[in-house]
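S.K.: Okay, so here is target09.tsv, and as you'll see once you scroll down, it has TSV, C-alpha atoms and all ligand atoms.
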chain	number	residue	atom	x	y	z
U	1414	MET	CA	-37.88	-40.13	-34.32
U	1415	THR	CA	-35.08	-37.58	-34.75
U	1416	GLN	CA	-31.52	-38.42	-33.78
U	1417	THR	CA	-31.71	-35.98	-30.85
U	1418	ALA	CA	-34.93	-37.59	-29.61
U	1419	GLN	CA	-33.31	-41.03	-29.92
U	1420	ILE	CA	-30.30	-39.89	-27.89
U	1421	GLN	CA	-32.55	-38.29	-25.26
U	1422	SER	CA	-34.59	-41.49	-25.00
U	1423	ILE	CA	-31.43	-43.52	-24.32
U	1424	ILE	CA	-30.25	-40.96	-21.76
U	1425	ASP	CA	-33.63	-41.02	-20.00
U	1426	ARG	CA	-33.42	-44.80	-19.61
U	1427	PHE	CA	-30.06	-44.52	-17.86
U	1428	VAL	CA	-30.75	-41.47	-15.72
U	1429	HIS	CA	-34.12	-42.73	-14.52
U	1430	SER	CA	-32.56	-45.98	-13.41
U	1431	ASP	CA	-30.45	-43.88	-11.02
U	1432	GLN	CA	-27.35	-45.65	-12.22
U	1433	ARG	CA	-24.07	-44.47	-10.75
U	1434	GLY	CA	-21.16	-44.16	-13.14
U	1435	ALA	CA	-23.54	-44.10	-16.08
U	1436	LEU	CA	-21.27	-42.30	-18.54
U	1437	LEU	CA	-19.46	-45.27	-20.08
U	1438	PRO	CA	-22.50	-47.56	-20.34
U	1439	LEU	CA	-24.50	-44.66	-21.73
U	1440	LEU	CA	-21.89	-43.92	-24.40
U	1441	HIS	CA	-21.76	-47.61	-25.34
U	1442	GLU	CA	-25.55	-47.74	-25.59
U	1443	ILE	CA	-25.73	-44.66	-27.80
U	1444	GLN	CA	-23.04	-46.03	-30.10
U	1445	GLU	CA	-24.73	-49.43	-30.22
U	1446	GLU	CA	-28.09	-47.95	-31.16
U	1447	LEU	CA	-26.97	-45.13	-33.48
U	1448	GLY	CA	-23.68	-46.55	-34.75
U	1449	PHE	CA	-21.76	-43.54	-33.43
U	1450	ILE	CA	-21.88	-40.78	-30.83
U	1451	ALA	CA	-23.12	-37.68	-32.59
U	1452	PRO	CA	-21.58	-34.40	-31.40
U	1453	GLY	CA	-25.07	-33.26	-30.38
U	1454	ALA	CA	-25.15	-36.01	-27.75
U	1455	VAL	CA	-22.39	-34.38	-25.68
U	1456	PRO	CA	-24.40	-31.49	-24.17
U	1457	LEU	CA	-27.43	-33.75	-23.60
U	1458	ILE	CA	-25.30	-36.27	-21.71
U	1459	ALA	CA	-23.49	-33.57	-19.73
U	1460	ASP	CA	-26.78	-32.00	-18.64
U	1461	ALA	CA	-28.32	-35.33	-17.69
U	1462	LEU	CA	-25.34	-36.54	-15.65
U	1463	LEU	CA	-24.49	-33.11	-14.21
U	1464	ILE	CA	-20.97	-33.18	-15.53
U	1465	SER	CA	-19.14	-30.85	-17.90
U	1466	ARG	CA	-19.15	-31.21	-21.67
U	1467	ALA	CA	-15.35	-31.41	-21.45
U	1468	GLU	CA	-15.62	-34.50	-19.24
U	1469	VAL	CA	-17.93	-36.20	-21.71
U	1470	HIS	CA	-15.75	-35.23	-24.65
U	1471	GLY	CA	-12.64	-36.36	-22.75
U	1472	VAL	CA	-14.02	-39.85	-22.23
U	1473	ILE	CA	-15.20	-40.14	-25.84
U	1474	SER	CA	-11.82	-39.08	-27.20
U	1475	PHE	CA	-9.85	-41.24	-24.73
U	1476	TYR	CA	-11.33	-44.54	-25.91
U	1477	PRO	CA	-10.52	-45.23	-29.57
U	1478	ASP	CA	-13.53	-47.52	-29.95
U	1479	PHE	CA	-15.96	-44.60	-29.61
U	1480	ARG	CA	-16.85	-43.14	-32.99
U	1481	THR	CA	-18.01	-39.57	-33.49
U	1482	GLU	CA	-18.87	-40.08	-37.16
U	1483	PRO	CA	-21.20	-42.61	-38.78
U	1484	PRO	CA	-19.35	-45.90	-39.32
U	1485	ALA	CA	-17.98	-46.65	-42.76
U	1486	ARG	CA	-19.37	-49.62	-44.71
U	1487	HIS	CA	-15.97	-51.34	-44.41
U	1488	VAL	CA	-13.52	-50.95	-41.53
U	1489	ILE	CA	-9.89	-51.97	-41.85
U	1490	LYS	CA	-8.02	-52.14	-38.58
U	1491	LEU	CA	-4.29	-52.21	-39.22
U	1492	CYS	CA	-2.02	-53.42	-36.44
U	1493	ARG	CA	0.43	-50.76	-35.30
U	1494	ALA	CA	1.99	-52.67	-32.42
U	1495	GLU	CA	5.71	-53.45	-32.23
U	1496	SER	CA	5.97	-56.79	-33.99
U	1497	CYS	CA	3.94	-55.67	-37.01
U	1498	GLN	CA	5.86	-52.40	-37.13
U	1499	ALA	CA	9.12	-54.37	-37.17
U	1500	ARG	CA	7.79	-56.31	-40.16
U	1501	GLY	CA	7.21	-53.22	-42.29
U	1502	GLY	CA	3.94	-51.98	-40.81
U	1503	ALA	CA	4.70	-48.32	-41.53
U	1504	ALA	CA	5.23	-48.97	-45.25
U	1505	ILE	CA	2.10	-51.13	-45.36
U	1506	GLU	CA	0.12	-48.36	-43.70
U	1507	ALA	CA	1.35	-45.81	-46.25
U	1508	GLU	CA	0.55	-48.09	-49.20
U	1509	LEU	CA	-2.86	-49.07	-47.85
U	1510	SER	CA	-3.73	-45.47	-47.08
U	1511	HIS	CA	-2.70	-44.45	-50.62
U	1512	HIS	CA	-4.72	-47.27	-52.26
U	1513	LEU	CA	-7.84	-46.58	-50.25
U	1514	GLY	CA	-7.61	-42.81	-50.36
U	1515	VAL	CA	-8.02	-42.41	-46.63
U	1516	ALA	CA	-5.63	-41.46	-43.83
U	1517	MET	CA	-5.12	-43.61	-40.76
U	1518	GLY	CA	-7.75	-42.89	-38.11
U	1519	HIS	CA	-10.30	-41.58	-40.60
U	1520	ALA	CA	-13.19	-42.66	-42.78
U	1521	ARG	CA	-13.27	-41.78	-46.46
U	1522	LYS	CA	-15.71	-38.98	-47.26
U	1523	ASP	CA	-17.97	-41.31	-49.27
U	1524	GLY	CA	-18.36	-43.54	-46.19
U	1525	GLN	CA	-17.14	-46.63	-48.06
U	1526	VAL	CA	-14.10	-47.41	-45.91
U	1527	ALA	CA	-12.34	-46.40	-42.70
U	1528	LEU	CA	-8.75	-47.14	-41.74
U	1529	GLU	CA	-8.21	-47.53	-38.01
U	1530	PRO	CA	-5.26	-48.49	-35.81
U	1531	VAL	CA	-5.33	-51.54	-33.59
U	1532	TYR	CA	-2.64	-52.58	-31.15
U	1533	CYS	CA	-1.89	-56.30	-31.53
U	1534	LEU	CA	-4.25	-58.90	-32.90
U	1535	GLY	CA	-2.40	-61.81	-31.31
U	1536	LEU	CA	-0.94	-62.88	-34.67
U	1537	CYS	CA	2.48	-61.30	-34.14
U	1538	ALA	CA	4.54	-64.08	-35.76
U	1539	ILE	CA	2.76	-63.73	-39.12
U	1540	GLY	CA	2.50	-59.93	-39.43
U	1541	PRO	CA	1.98	-57.35	-40.58
U	1542	ASN	CA	-1.68	-57.98	-39.83
U	1543	ALA	CA	-5.06	-56.36	-40.10
U	1544	MET	CA	-8.73	-57.01	-39.53
U	1545	VAL	CA	-10.89	-56.41	-42.59
U	1546	ASP	CA	-14.49	-56.17	-41.42
U	1547	ASP	CA	-13.66	-58.44	-38.47
U	1548	ARG	CA	-11.81	-60.97	-40.67
U	1549	PRO	CA	-8.11	-61.33	-39.85
U	1550	VAL	CA	-5.66	-60.90	-42.72
U	1551	ALA	CA	-2.03	-61.89	-42.07
U	1552	ARG	CA	1.27	-61.29	-43.86
U	1553	ILE	CA	-0.02	-58.21	-45.62
U	1554	ASP	CA	2.03	-57.26	-48.66
U	1555	SER	CA	1.34	-55.28	-51.83
U	1556	ALA	CA	-0.70	-58.12	-53.34
U	1557	ALA	CA	-2.84	-58.37	-50.21
U	1558	ILE	CA	-3.37	-54.62	-50.24
U	1559	GLY	CA	-4.65	-54.89	-53.80
U	1560	ARG	CA	-7.08	-57.64	-52.77
U	1561	ILE	CA	-8.27	-55.67	-49.74
U	1562	ALA	CA	-8.79	-52.53	-51.84
U	1563	GLY	CA	-10.78	-54.51	-54.44
U	1564	GLU	CA	-12.87	-56.10	-51.71
U	1565	VAL	CA	-13.89	-52.87	-50.03
U	1566	GLU	CA	-14.64	-51.10	-53.32
U	1567	ALA	CA	-16.95	-53.90	-54.52
C	1	LIG	S1	1.98	-56.87	-33.11
C	1	LIG	FE1	0.60	-57.01	-34.76
C	1	LIG	S2	-0.50	-58.80	-34.29
C	1	LIG	FE2	0.76	-58.56	-32.57
So that I can check it, write out the structure of this file as structure tokens.
Ligand code: FES

M.R.:
Amino acid sequence: MTQTAQIQSIIDRFVHSDQRGALLPLLHEIQEELGFIAPGAVPLIADALLISRAEVHGVISFYPDFRTEPPARHVIKLCRAESCQARGGAAIEAELSHHLGVAMGHARKDGQVALEPVYCLGLCAIGPNAMVDDRPVARIDSAAIGRIAGEVEA
């Protein structure tokens, strides 16, 4: 089945169930099944829900959890909230970004790793913090960055 056919099949399930407010659940379903929301899904969704492409795109871009590119093999979510910023988060971000070869908010071109922002992990007293593939890492320093980089390159 092609990606477009897969997307259309998911859309058909939602539209035929006559569900009101289907956009968000539909976007979640597409991302769950395909791993991301391909740009080609936008016109299909807009046509099915009788809304503009701009509305669909606006919702996708508003929520940071929606991906428009295939997910990387490893995802590092670095906390950018106040407490972690006060503990050197900006310098950690720069060093991590340099080590991994990827800018914040992007995936590396080889698909190995993505660096994403997150806003508080509830570990404020032991920051700066990150989630590395859903595993919390606290008190990130240069040594921790080296370990994280080695882990995601393995
Ligand atoms: S501010 Fe970073 S964990 Fe709360």

S.K.: Hey, which residues come within 10 Å of ligand LIG 1 (chain C) if we count all atoms listed in the file? Could you give them as a list of chain:residue names?

M.R.: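 Selection of residues at most 10 Å from ligand LIG 1 (chain C): U:Leu1491, U:Cys1492, U:Arg1493, U:Ala1494, U:Glu1495, U:Ser1496, U:Cys1497, U:Gln1498, U:Ala1499, U:Arg1500, U:Gly1502, U:Val1531, U:Tyr1532, U:Cys1533, U:Leu1534, U:Gly1535, U:Leu1536, U:Cys1537, U:Ala1538, U:Ile1539, U:Gly1540, U:Pro1541, U:Asn1542, U:Ala1543, U:Met1544, U:Pro1549, U:Ala1551.
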
S.K.: Can you work out the spacing between CA of Gly1501 (chain U) and CA of Ala1527 (chain U) in Å, to one decimal?

M.R.: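 Going from CA of Gly1501 (chain U) over to CA of Ala1527 (chain U), I get 20.7 Å.
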
S.K.: Expressed in Å to a single decimal, how great is the separation between CA of Gly1448 (chain U) and CA of Ala1467 (chain U)?

M.R.: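 Answer for the CA of Gly1448 (chain U) to CA of Ala1467 (chain U) separation: 21.8 Å.
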
S.K.: For each of U:Ile1553, U:Leu1437, U:Leu1462, U:Ala1451, take the minimum atom-to-atom distance to Ala1503 (chain U), counting all atoms listed in the file, then give the residue where this is smallest.

M.R.: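 Using all atoms listed in the file, the shortest distance to Ala1503 (chain U) belongs to U:Ile1553.
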
S.K.: Name the residues in contact with Ile1423 (chain U) at a cut-off of 7 Å, using all atoms listed in the file, excluding same-chain residues fewer than 4 positions from it; report them as JSON, numbers by chain.

M.R.: {"U": [1419, 1427, 1443]}

S.K.: Report as a PyMOL selection string all protein, DNA and RNA residues lying within 7 Å of His1487 (chain U), evaluated on all atoms listed in the file, omitting residues in the same chain fewer than 6 positions from it.

M.R.: chain U and resi 1525-1527+1546+1565

S.K.: Counting all atoms listed in the file, which residues come within 12 Å of (-11.9, -46.8, -25.5), with the point read in the file's coordinates, and could you list them as a list in words?

M.R.: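 Output: Leu1437, Pro1438, Leu1440, His1441, Gly1471, Val1472, Ile1473, Ser1474, Phe1475, Tyr1476, Pro1477, Asp1478, Phe1479, Arg1480 and Val1531 of chain U.
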
S.K.: Within 12 Å of (-33.1, -41.6, -20.6) in the file's own coordinates, which protein, DNA or RNA residues have an atom, counting only C-alpha atoms? List them as JSON, numbers by chain.

M.R.: {"U": [1417, 1418, 1419, 1420, 1421, 1422, 1423, 1424, 1425, 1426, 1427, 1428, 1429, 1430, 1431, 1432, 1435, 1439, 1442, 1443, 1457, 1458, 1460, 1461, 1462]}
